[in-house]
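Trainee: Sharing a structure below in structure tokens format, with a few things to ask.
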Amino acid sequence: MKVLLTGATGYIGSAVTDHLAAAGHQVVALTRGAEPQPGRAWHAQLVGDTADPASLAGTVTSEIEAVIHLAPPSGDADVDTAVIEALAAPLRGTGRPFVYTSGVWVLGATGEAQEVGEESPTNPIDIVGYRPRIERRVLAEVTEGVRAVVVRPGIVYGRGGGIPAILVDRARRQEVPEYYGEEGVRWPTVHVDDLAELFVAAVERAEAGTVWHGVGESAVPVRDLARAAGRAAGVLATPHAVPAEQAAEIFGPLFADALALDQSVSGAAARTALGWRPGRPGVLTELVSGSYRPVEVFGAPDGPETDAEVAAIRLLVAEVEYAQQNEEVDRFLGVFRREDPVWTTGHGKRLSGFEEIAAFTRKVLPGATAESTAVYDVERVLFLRPDVAAVNVRQQPVRHDGTRIADRPEGRPFYIVVKEDGTWRVGAAQNTIAVD
């Protein structure tokens, strides 16, 4: 399909562009200016501004087979209603899809209800106060022969952006992780690439008049998010609760209320009816070992293939951390290749071969973290070959609550990792403590 996309240059729009193009669709980007933007997977570019509904006249031509409206609301209900009219009117009587982007904040606080679905009544907080009215206006186009659909994303993360990036930036600048409102607040979340795939599914096969929640994880505790954001910022400290009044001074009262909103929202309907399969790492994993913590990469070209390999290597190191922190022997042994691995321990003992590593691990790992543990962050990856990489890791000693133990030195483990049968494993590891 030839798809007109508003908000094509934005955070979500960039991901939706990539996934529409990958699915074989042609993206016609609506942009405020005519300046070319090299590197975008656009079929064509049109000029129009959703803050000026009159500028949209003629953008939805007979060649446009679908419209995805991703541009943010203007803040004026009349303007946004006029935008819907301008974009949807040319589709009337065609049965072509019009997909509108709303958000789960229209549901308000979900209270004791767990994983509320699309059938739940709206109770919007002030920052999205009139958006349910715009949703209804969009869905009314069904009676005019438009395949009108509404998508409500959760808190979007991934590609180093979204609201979680604000938490990372605040943790870095304040030198302490922050969350806002009560400790029990939960956020429904979705990876931006998973969300983009939902938009593709919606434009291809969602039925007219339907609403879909774009939610990968239904209720992530915001305190855990803050801790993970601190980790991404290199700040290992106990998360700090910022009272609503103080948050309002930082972000403004409307956005502060949104950050403090407690929700548990289900995305199951889209999985069942549309075959949507959100499979990217969860938000905590993404913050700790994904796009929010840059890694220096050498020996491989820039691009998504290298990014995917680096992400897999980071997950391998995260598996080392998890297995050690939780004293899971078999899980720790699972990170090593079976053929002739070598591991030099923190005290300089060299272990050769899988059986020797296994025997040592079964002896020393149980009880090893009784008093403290460590976190591991990949800092550099050198690809010696496409299937062999050298990895520099930063190891920081921490207490069980995740706070840094200031009087203990950091470690710098060095791994040689090998990709076998599509999976990265440790072939050799040097973990010996070196003291200046």
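Residues in the structure tokens are named by chain (A, B, ... in the order shown) and by number from 1 within that chain; ligands are numbered from 1 in the order shown.
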Excluding Ala429 (chain A) and its own-chain neighbours fewer than 3 positions away, which residues fall within 9 Å of it when counting only C-alpha atoms? Please give them as an NGL selection string.

Mentor: :A and (341-345 or 413-417 or 426)

Trainee: Hey, what's within 7 Å of Phe336 (chain A) if we count only C-alpha atoms and toss same-chain stuff fewer than 2 positions away? As a PyMOL selection string, please?

Mentor: chain A and resi 333-334+338+341+425-427

Trainee: Which residues of region 247-356 of chain A come within 12 Å of region 206-209 of chain A, and what is each one's closest atom pair and distance in Å (one decimal), counting only C-alpha atoms, sorted by chain and residue number, as CSV?

Mentor:
```
residue,atom,partner,partner_atom,distance
A:Ala269,CA,A:Ala206,CA,11.3
A:Ala270,CA,A:Ala206,CA,9.1
A:Arg271,CA,A:Ala206,CA,11.7
A:Thr272,CA,A:Ala206,CA,11.7
A:Ala273,CA,A:Ala206,CA,8.3
A:Leu274,CA,A:Ala206,CA,6.8
A:Gly275,CA,A:Ala206,CA,10.4
A:Trp276,CA,A:Ala206,CA,11.0
```

Trainee: Give me the residues near Val142 (chain A) as a list of chain:residue names, where near means some atom within 10 Å (using only C-alpha atoms) and where sequence neighbours in that chain fewer than 3 positions away do not count.

Mentor: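 Final neighbour list, sorted by chain and number: A:Arg92, A:Gly93, A:Gly95, A:Pro97, A:Phe98, A:Arg137, A:Val138, A:Leu139, A:Gly145, A:Val146, A:Arg147, A:Ala148, A:Val149, A:Glu207, A:Ala208, A:Gly209, A:Thr210.
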
Trainee: Enter the distance from CA of Val67 (chain A) to CA of Leu5 (chain A), in Å, rounded to one decimal.

Mentor: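 CA of Leu5 (chain A) lies at a distance of 6.1 Å from CA of Val67 (chain A).
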
Trainee: What lies within 7 Å of region 385-395 of chain A using only C-alpha atoms, ignoring chain neighbours under 2 positions off, as a PDB file with N, CA and C atoms, in the first residue's frame?

Mentor:
```
ATOM      1  N   ALA A 374      27.896  -8.016  41.965  1.00  0.00           N
ATOM      2  CA  ALA A 374      28.478  -7.058  41.027  1.00  0.00           C
ATOM      3  C   ALA A 374      27.543  -6.890  39.836  1.00  0.00           C
ATOM      4  N   VAL A 375      27.712  -5.771  39.152  1.00  0.00           N
ATOM      5  CA  VAL A 375      27.008  -5.536  37.891  1.00  0.00           C
ATOM      6  C   VAL A 375      28.043  -5.456  36.775  1.00  0.00           C
ATOM      7  N   TYR A 376      27.636  -5.850  35.574  1.00  0.00           N
ATOM      8  CA  TYR A 376      28.538  -5.947  34.428  1.00  0.00           C
ATOM      9  C   TYR A 376      27.967  -5.129  33.270  1.00  0.00           C
ATOM     10  N   ASP A 377      28.775  -4.221  32.730  1.00  0.00           N
ATOM     11  CA  ASP A 377      28.340  -3.399  31.604  1.00  0.00           C
ATOM     12  C   ASP A 377      29.358  -3.474  30.477  1.00  0.00           C
ATOM     13  N   VAL A 378      28.877  -3.799  29.284  1.00  0.00           N
ATOM     14  CA  VAL A 378      29.747  -3.836  28.111  1.00  0.00           C
ATOM     15  C   VAL A 378      30.134  -2.413  27.732  1.00  0.00           C
ATOM     16  N   GLU A 379      31.425  -2.182  27.544  1.00  0.00           N
ATOM     17  CA  GLU A 379      31.904  -0.859  27.159  1.00  0.00           C
ATOM     18  C   GLU A 379      32.457  -0.808  25.743  1.00  0.00           C
ATOM     19  N   ARG A 380      33.127  -1.871  25.293  1.00  0.00           N
ATOM     20  CA  ARG A 380      33.693  -1.893  23.947  1.00  0.00           C
ATOM     21  C   ARG A 380      33.573  -3.295  23.374  1.00  0.00           C
ATOM     22  N   VAL A 381      33.332  -3.336  22.060  1.00  0.00           N
ATOM     23  CA  VAL A 381      33.294  -4.607  21.340  1.00  0.00           C
ATOM     24  C   VAL A 381      34.155  -4.461  20.091  1.00  0.00           C
ATOM     25  N   LEU A 382      35.120  -5.342  19.941  1.00  0.00           N
ATOM     26  CA  LEU A 382      35.953  -5.397  18.745  1.00  0.00           C
ATOM     27  C   LEU A 382      35.643  -6.702  18.016  1.00  0.00           C
ATOM     28  N   PHE A 383      35.091  -6.584  16.803  1.00  0.00           N
ATOM     29  CA  PHE A 383      34.804  -7.774  16.011  1.00  0.00           C
ATOM     30  C   PHE A 383      36.081  -8.200  15.290  1.00  0.00           C
ATOM     31  N   PRO A 397      31.312  -3.541  41.955  1.00  0.00           N
ATOM     32  CA  PRO A 397      30.755  -4.229  43.122  1.00  0.00           C
ATOM     33  C   PRO A 397      29.563  -3.466  43.687  1.00  0.00           C
ATOM     34  N   GLU A 410      36.796  -1.357  40.989  1.00  0.00           N
ATOM     35  CA  GLU A 410      36.100  -1.928  39.855  1.00  0.00           C
ATOM     36  C   GLU A 410      36.957  -3.008  39.202  1.00  0.00           C
ATOM     37  N   GLY A 411      36.291  -3.889  38.462  1.00  0.00           N
ATOM     38  CA  GLY A 411      36.989  -4.877  37.654  1.00  0.00           C
ATOM     39  C   GLY A 411      36.843  -4.550  36.178  1.00  0.00           C
ATOM     40  N   ARG A 412      37.680  -5.169  35.352  1.00  0.00           N
ATOM     41  CA  ARG A 412      37.618  -4.989  33.911  1.00  0.00           C
ATOM     42  C   ARG A 412      37.721  -6.352  33.216  1.00  0.00           C
ATOM     43  N   PRO A 413      36.695  -7.186  33.356  1.00  0.00           N
ATOM     44  CA  PRO A 413      36.734  -8.484  32.684  1.00  0.00           C
ATOM     45  C   PRO A 413      36.905  -8.324  31.170  1.00  0.00           C
ATOM     46  N   PHE A 414      37.561  -9.291  30.571  1.00  0.00           N
ATOM     47  CA  PHE A 414      37.798  -9.296  29.136  1.00  0.00           C
ATOM     48  C   PHE A 414      37.354 -10.648  28.590  1.00  0.00           C
ATOM     49  N   TYR A 415      36.411 -10.619  27.644  1.00  0.00           N
ATOM     50  CA  TYR A 415      35.855 -11.855  27.092  1.00  0.00           C
ATOM     51  C   TYR A 415      36.184 -11.967  25.612  1.00  0.00           C
ATOM     52  N   ILE A 416      36.453 -13.171  25.181  1.00  0.00           N
ATOM     53  CA  ILE A 416      36.424 -13.507  23.763  1.00  0.00           C
ATOM     54  C   ILE A 416      35.149 -14.325  23.557  1.00  0.00           C
ATOM     55  N   VAL A 417      34.238 -13.794  22.763  1.00  0.00           N
ATOM     56  CA  VAL A 417      32.953 -14.471  22.555  1.00  0.00           C
ATOM     57  C   VAL A 417      32.878 -14.976  21.117  1.00  0.00           C
ATOM     58  N   VAL A 418      32.207 -16.098  20.974  1.00  0.00           N
ATOM     59  CA  VAL A 418      32.143 -16.796  19.686  1.00  0.00           C
ATOM     60  C   VAL A 418      30.685 -17.072  19.362  1.00  0.00           C
ATOM     61  N   LYS A 419      30.310 -16.842  18.119  1.00  0.00           N
ATOM     62  CA  LYS A 419      28.945 -17.121  17.681  1.00  0.00           C
ATOM     63  C   LYS A 419      28.889 -18.497  17.045  1.00  0.00           C
TER      64      LYS A 419
END
```

Trainee: Determine which residues of region 190-415 of chain A DSSP labels as alpha helix (DSSP H) from the backbone of this structure, then write them out as JSON, numbers by chain.

Mentor: {"A": [192, 193, 194, 195, 196, 197, 198, 199, 200, 201, 202, 203, 204, 205, 222, 223, 224, 225, 226, 227, 228, 229, 230, 231, 232, 244, 245, 246, 247, 248, 249, 250, 251, 253, 254, 255, 256, 257, 258, 259, 268, 269, 270, 271, 272, 273, 274, 283, 284, 285, 286, 287, 288, 289, 304, 305, 306, 307, 308, 309, 310, 311, 312, 313, 314, 315, 316, 317, 318, 319, 320, 321, 322, 323, 324, 325, 329, 330, 331, 332, 333, 354, 355, 356, 357, 358, 359, 360, 361, 362, 363, 364]}

Trainee: Just the selected residues (C-alpha atoms), exported as a tab-separated table (two decimals), in the first residue's frame, please.

Mentor:
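For reference, result-v9.tsv as written:
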```tsv
chain	number	residue	atom	x	y	z
A	192	VAL	CA	9.10	1.30	19.70
A	193	ASP	CA	9.87	-1.39	17.12
A	194	ASP	CA	7.19	-3.70	18.51
A	195	LEU	CA	4.76	-0.76	18.39
A	196	ALA	CA	5.73	-0.06	14.78
A	197	GLU	CA	4.84	-3.65	13.92
A	198	LEU	CA	1.44	-3.14	15.53
A	199	PHE	CA	0.82	-0.14	13.27
A	200	VAL	CA	1.69	-2.28	10.26
A	201	ALA	CA	-0.72	-4.98	11.46
A	202	ALA	CA	-3.44	-2.37	12.09
A	203	VAL	CA	-3.15	-0.81	8.65
A	204	GLU	CA	-3.08	-4.19	6.96
A	205	ARG	CA	-5.79	-6.13	8.76
A	222	VAL	CA	8.29	2.71	38.09
A	223	ARG	CA	10.77	2.28	40.93
A	224	ASP	CA	12.37	-0.57	38.97
A	225	LEU	CA	12.37	1.67	35.90
A	226	ALA	CA	14.17	4.37	37.86
A	227	ARG	CA	16.80	1.93	39.07
A	228	ALA	CA	17.37	0.66	35.54
A	229	ALA	CA	17.55	4.23	34.24
A	230	GLY	CA	20.19	4.95	36.86
A	231	ARG	CA	22.14	1.92	35.70
A	232	ALA	CA	21.96	3.24	32.12
A	244	ALA	CA	4.14	15.33	42.87
A	245	GLU	CA	4.50	19.00	43.82
A	246	GLN	CA	8.22	18.98	43.09
A	247	ALA	CA	7.71	17.03	39.86
A	248	ALA	CA	5.23	19.67	38.74
A	249	GLU	CA	7.91	22.33	39.18
A	250	ILE	CA	10.29	20.29	37.01
A	251	PHE	CA	7.98	19.12	34.24
A	253	PRO	CA	1.71	19.93	36.33
A	254	LEU	CA	0.16	18.13	33.34
A	255	PHE	CA	3.17	16.00	32.45
A	256	ALA	CA	4.01	15.43	36.11
A	257	ASP	CA	0.54	13.96	36.64
A	258	ALA	CA	1.15	11.64	33.69
A	259	LEU	CA	4.48	10.45	35.09
A	268	ALA	CA	-3.50	-9.20	24.66
A	269	ALA	CA	-6.27	-8.37	22.20
A	270	ALA	CA	-3.85	-7.35	19.45
A	271	ARG	CA	-1.86	-10.52	19.98
A	272	THR	CA	-4.96	-12.66	19.59
A	273	ALA	CA	-6.80	-10.86	16.82
A	274	LEU	CA	-4.00	-9.28	14.79
A	283	VAL	CA	12.09	-1.99	29.18
A	284	LEU	CA	14.29	-2.89	32.16
A	285	THR	CA	16.57	-5.03	30.01
A	286	GLU	CA	16.66	-2.36	27.31
A	287	LEU	CA	17.67	0.28	29.84
A	288	VAL	CA	20.33	-1.83	31.51
A	289	SER	CA	21.92	-3.47	28.46
A	304	PRO	CA	21.26	-2.63	11.98
A	305	GLU	CA	23.06	-5.96	11.53
A	306	THR	CA	25.96	-4.86	13.71
A	307	ASP	CA	23.55	-3.29	16.19
A	308	ALA	CA	21.75	-6.63	16.49
A	309	GLU	CA	25.00	-8.51	17.12
A	310	VAL	CA	26.11	-6.01	19.76
A	311	ALA	CA	22.70	-6.28	21.44
A	312	ALA	CA	23.05	-10.06	21.53
A	313	ILE	CA	26.54	-9.79	23.07
A	314	ARG	CA	25.21	-7.38	25.69
A	315	LEU	CA	22.46	-9.85	26.56
A	316	LEU	CA	25.11	-12.55	26.95
A	317	VAL	CA	26.98	-10.39	29.46
A	318	ALA	CA	23.68	-9.62	31.20
A	319	GLU	CA	23.17	-13.38	31.48
A	320	VAL	CA	26.56	-13.67	33.19
A	321	GLU	CA	25.49	-10.99	35.66
A	322	TYR	CA	22.10	-12.57	36.36
A	323	ALA	CA	23.50	-16.05	36.85
A	324	GLN	CA	26.18	-14.83	39.24
A	325	GLN	CA	23.86	-12.56	41.21
A	329	VAL	CA	25.20	-22.62	38.40
A	330	ASP	CA	23.69	-24.21	35.31
A	331	ARG	CA	22.66	-20.83	33.93
A	332	PHE	CA	26.19	-19.52	34.41
A	333	LEU	CA	27.70	-22.53	32.70
A	354	PHE	CA	34.22	-27.00	30.14
A	355	GLU	CA	34.39	-29.76	32.74
A	356	GLU	CA	37.04	-27.94	34.77
A	357	ILE	CA	35.03	-24.70	34.66
A	358	ALA	CA	31.89	-26.59	35.65
A	359	ALA	CA	33.54	-28.31	38.62
A	360	PHE	CA	34.96	-25.02	39.91
A	361	THR	CA	31.68	-23.16	39.46
A	362	ARG	CA	29.66	-25.80	41.30
A	363	LYS	CA	32.11	-25.50	44.17
A	364	VAL	CA	32.41	-21.72	44.54
```

Trainee: Using only C-alpha atoms, which protein or nucleic acid residues come within 8 Å of region 79-87 of chain A? Drop anything in the same chain fewer than 2 positions from it, and give the result as a PyMOL selection string.

Mentor: chain A and resi 50-54+56-57+59-60+67+73-77+89-91+134+137-138

Trainee: Just write the chosen residues, N, CA and C atoms, as a PDB file, in the first residue's frame.

Mentor:
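Writing the result to selection_38.pdb gives the following:
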```pdb
ATOM      1  N   THR A  50       0.139  19.597  10.578  1.00  0.00           N
ATOM      2  CA  THR A  50      -1.086  19.227  11.291  1.00  0.00           C
ATOM      3  C   THR A  50      -1.520  20.288  12.295  1.00  0.00           C
ATOM      4  N   ALA A  51      -0.704  21.320  12.503  1.00  0.00           N
ATOM      5  CA  ALA A  51      -1.158  22.467  13.286  1.00  0.00           C
ATOM      6  C   ALA A  51      -1.967  23.446  12.429  1.00  0.00           C
ATOM      7  N   ASP A  52      -1.978  23.203  11.123  1.00  0.00           N
ATOM      8  CA  ASP A  52      -2.696  24.062  10.169  1.00  0.00           C
ATOM      9  C   ASP A  52      -3.517  23.167   9.253  1.00  0.00           C
ATOM     10  N   PRO A  53      -4.744  22.804   9.666  1.00  0.00           N
ATOM     11  CA  PRO A  53      -5.540  21.852   8.885  1.00  0.00           C
ATOM     12  C   PRO A  53      -5.697  22.237   7.419  1.00  0.00           C
ATOM     13  N   ALA A  54      -5.737  23.528   7.128  1.00  0.00           N
ATOM     14  CA  ALA A  54      -5.912  23.950   5.738  1.00  0.00           C
ATOM     15  C   ALA A  54      -4.746  23.504   4.862  1.00  0.00           C
ATOM     16  N   LEU A  56      -3.408  20.737   4.761  1.00  0.00           N
ATOM     17  CA  LEU A  56      -3.507  19.312   4.437  1.00  0.00           C
ATOM     18  C   LEU A  56      -4.360  19.048   3.210  1.00  0.00           C
ATOM     19  N   ALA A  57      -5.008  20.065   2.694  1.00  0.00           N
ATOM     20  CA  ALA A  57      -5.863  19.895   1.517  1.00  0.00           C
ATOM     21  C   ALA A  57      -5.049  19.344   0.355  1.00  0.00           C
ATOM     22  N   THR A  59      -3.482  16.505   0.215  1.00  0.00           N
ATOM     23  CA  THR A  59      -2.413  15.553   0.543  1.00  0.00           C
ATOM     24  C   THR A  59      -2.881  14.099   0.428  1.00  0.00           C
ATOM     25  N   VAL A  60      -4.159  13.853   0.685  1.00  0.00           N
ATOM     26  CA  VAL A  60      -4.692  12.493   0.558  1.00  0.00           C
ATOM     27  C   VAL A  60      -5.314  12.376  -0.829  1.00  0.00           C
ATOM     28  N   VAL A  67      -3.914   5.936   5.569  1.00  0.00           N
ATOM     29  CA  VAL A  67      -3.366   7.056   6.324  1.00  0.00           C
ATOM     30  C   VAL A  67      -3.085   6.581   7.741  1.00  0.00           C
ATOM     31  N   PRO A  73      -0.905  15.642  19.076  1.00  0.00           N
ATOM     32  CA  PRO A  73      -2.032  16.580  19.082  1.00  0.00           C
ATOM     33  C   PRO A  73      -1.547  18.013  19.252  1.00  0.00           C
ATOM     34  N   SER A  74      -2.345  18.936  18.772  1.00  0.00           N
ATOM     35  CA  SER A  74      -1.971  20.351  18.809  1.00  0.00           C
ATOM     36  C   SER A  74      -2.211  20.991  20.164  1.00  0.00           C
ATOM     37  N   GLY A  75      -3.088  20.374  20.969  1.00  0.00           N
ATOM     38  CA  GLY A  75      -3.517  21.003  22.208  1.00  0.00           C
ATOM     39  C   GLY A  75      -4.825  21.751  22.063  1.00  0.00           C
ATOM     40  N   ASP A  76      -5.337  21.800  20.835  1.00  0.00           N
ATOM     41  CA  ASP A  76      -6.607  22.482  20.543  1.00  0.00           C
ATOM     42  C   ASP A  76      -7.544  21.455  19.926  1.00  0.00           C
ATOM     43  N   ALA A  77      -8.634  21.146  20.606  1.00  0.00           N
ATOM     44  CA  ALA A  77      -9.550  20.106  20.142  1.00  0.00           C
ATOM     45  C   ALA A  77     -10.137  20.442  18.779  1.00  0.00           C
ATOM     46  N   ALA A  89     -11.704  12.608   5.135  1.00  0.00           N
ATOM     47  CA  ALA A  89     -12.739  12.866   4.130  1.00  0.00           C
ATOM     48  C   ALA A  89     -12.409  12.254   2.768  1.00  0.00           C
ATOM     49  N   PRO A  90     -11.174  12.373   2.271  1.00  0.00           N
ATOM     50  CA  PRO A  90     -10.890  11.785   0.960  1.00  0.00           C
ATOM     51  C   PRO A  90     -10.968  10.260   0.925  1.00  0.00           C
ATOM     52  N   LEU A  91     -10.975   9.614   2.103  1.00  0.00           N
ATOM     53  CA  LEU A  91     -11.041   8.154   2.166  1.00  0.00           C
ATOM     54  C   LEU A  91     -12.472   7.632   2.210  1.00  0.00           C
ATOM     55  N   ILE A 134     -11.642  12.852  20.307  1.00  0.00           N
ATOM     56  CA  ILE A 134     -11.022  12.691  18.986  1.00  0.00           C
ATOM     57  C   ILE A 134     -11.070  11.223  18.557  1.00  0.00           C
ATOM     58  N   ARG A 137     -14.435  10.661  17.245  1.00  0.00           N
ATOM     59  CA  ARG A 137     -14.569  11.317  15.940  1.00  0.00           C
ATOM     60  C   ARG A 137     -13.948  10.466  14.846  1.00  0.00           C
ATOM     61  N   VAL A 138     -12.799   9.870  15.126  1.00  0.00           N
ATOM     62  CA  VAL A 138     -12.156   8.983  14.159  1.00  0.00           C
ATOM     63  C   VAL A 138     -13.021   7.767  13.885  1.00  0.00           C
TER      64      VAL A 138
END
```

Trainee: Report as a ChimeraX atom specification all protein, DNA and RNA residues lying within 7 Å of Thr403 (chain A), evaluated on only C-alpha atoms, omitting residues in the same chain fewer than 3 positions from it.

Mentor: /A:236-238,398-399

Trainee: Pull N, CA and C atoms from the residues just selected and write them as a compact mmCIF listing (two decimals), in the first residue's frame.

Mentor:
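That gives us selection.txt:
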```txt
# COMPACT_ATOMS: atom_id res chain seq x y z
N LEU A 236 24.67 4.13 40.29
CA LEU A 236 24.23 2.98 41.10
C LEU A 236 23.88 3.48 42.49
N ALA A 237 22.64 3.89 42.64
CA ALA A 237 22.17 4.44 43.91
C ALA A 237 20.71 4.06 44.09
N THR A 238 20.23 4.18 45.31
CA THR A 238 18.82 3.89 45.60
C THR A 238 17.93 4.92 44.92
N VAL A 398 28.50 -4.19 44.02
CA VAL A 398 27.29 -3.55 44.54
C VAL A 398 26.74 -4.36 45.70
N ARG A 399 25.97 -3.67 46.52
CA ARG A 399 25.20 -4.35 47.56
C ARG A 399 23.98 -5.00 46.91
```

Trainee: For the atom pair CA of Gly161 (chain A) and CA of Tyr292 (chain A), what is the interatomic distance in Å to one decimal place?

Mentor: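 Separation of CA of Gly161 (chain A) and CA of Tyr292 (chain A): 7.7 Å.
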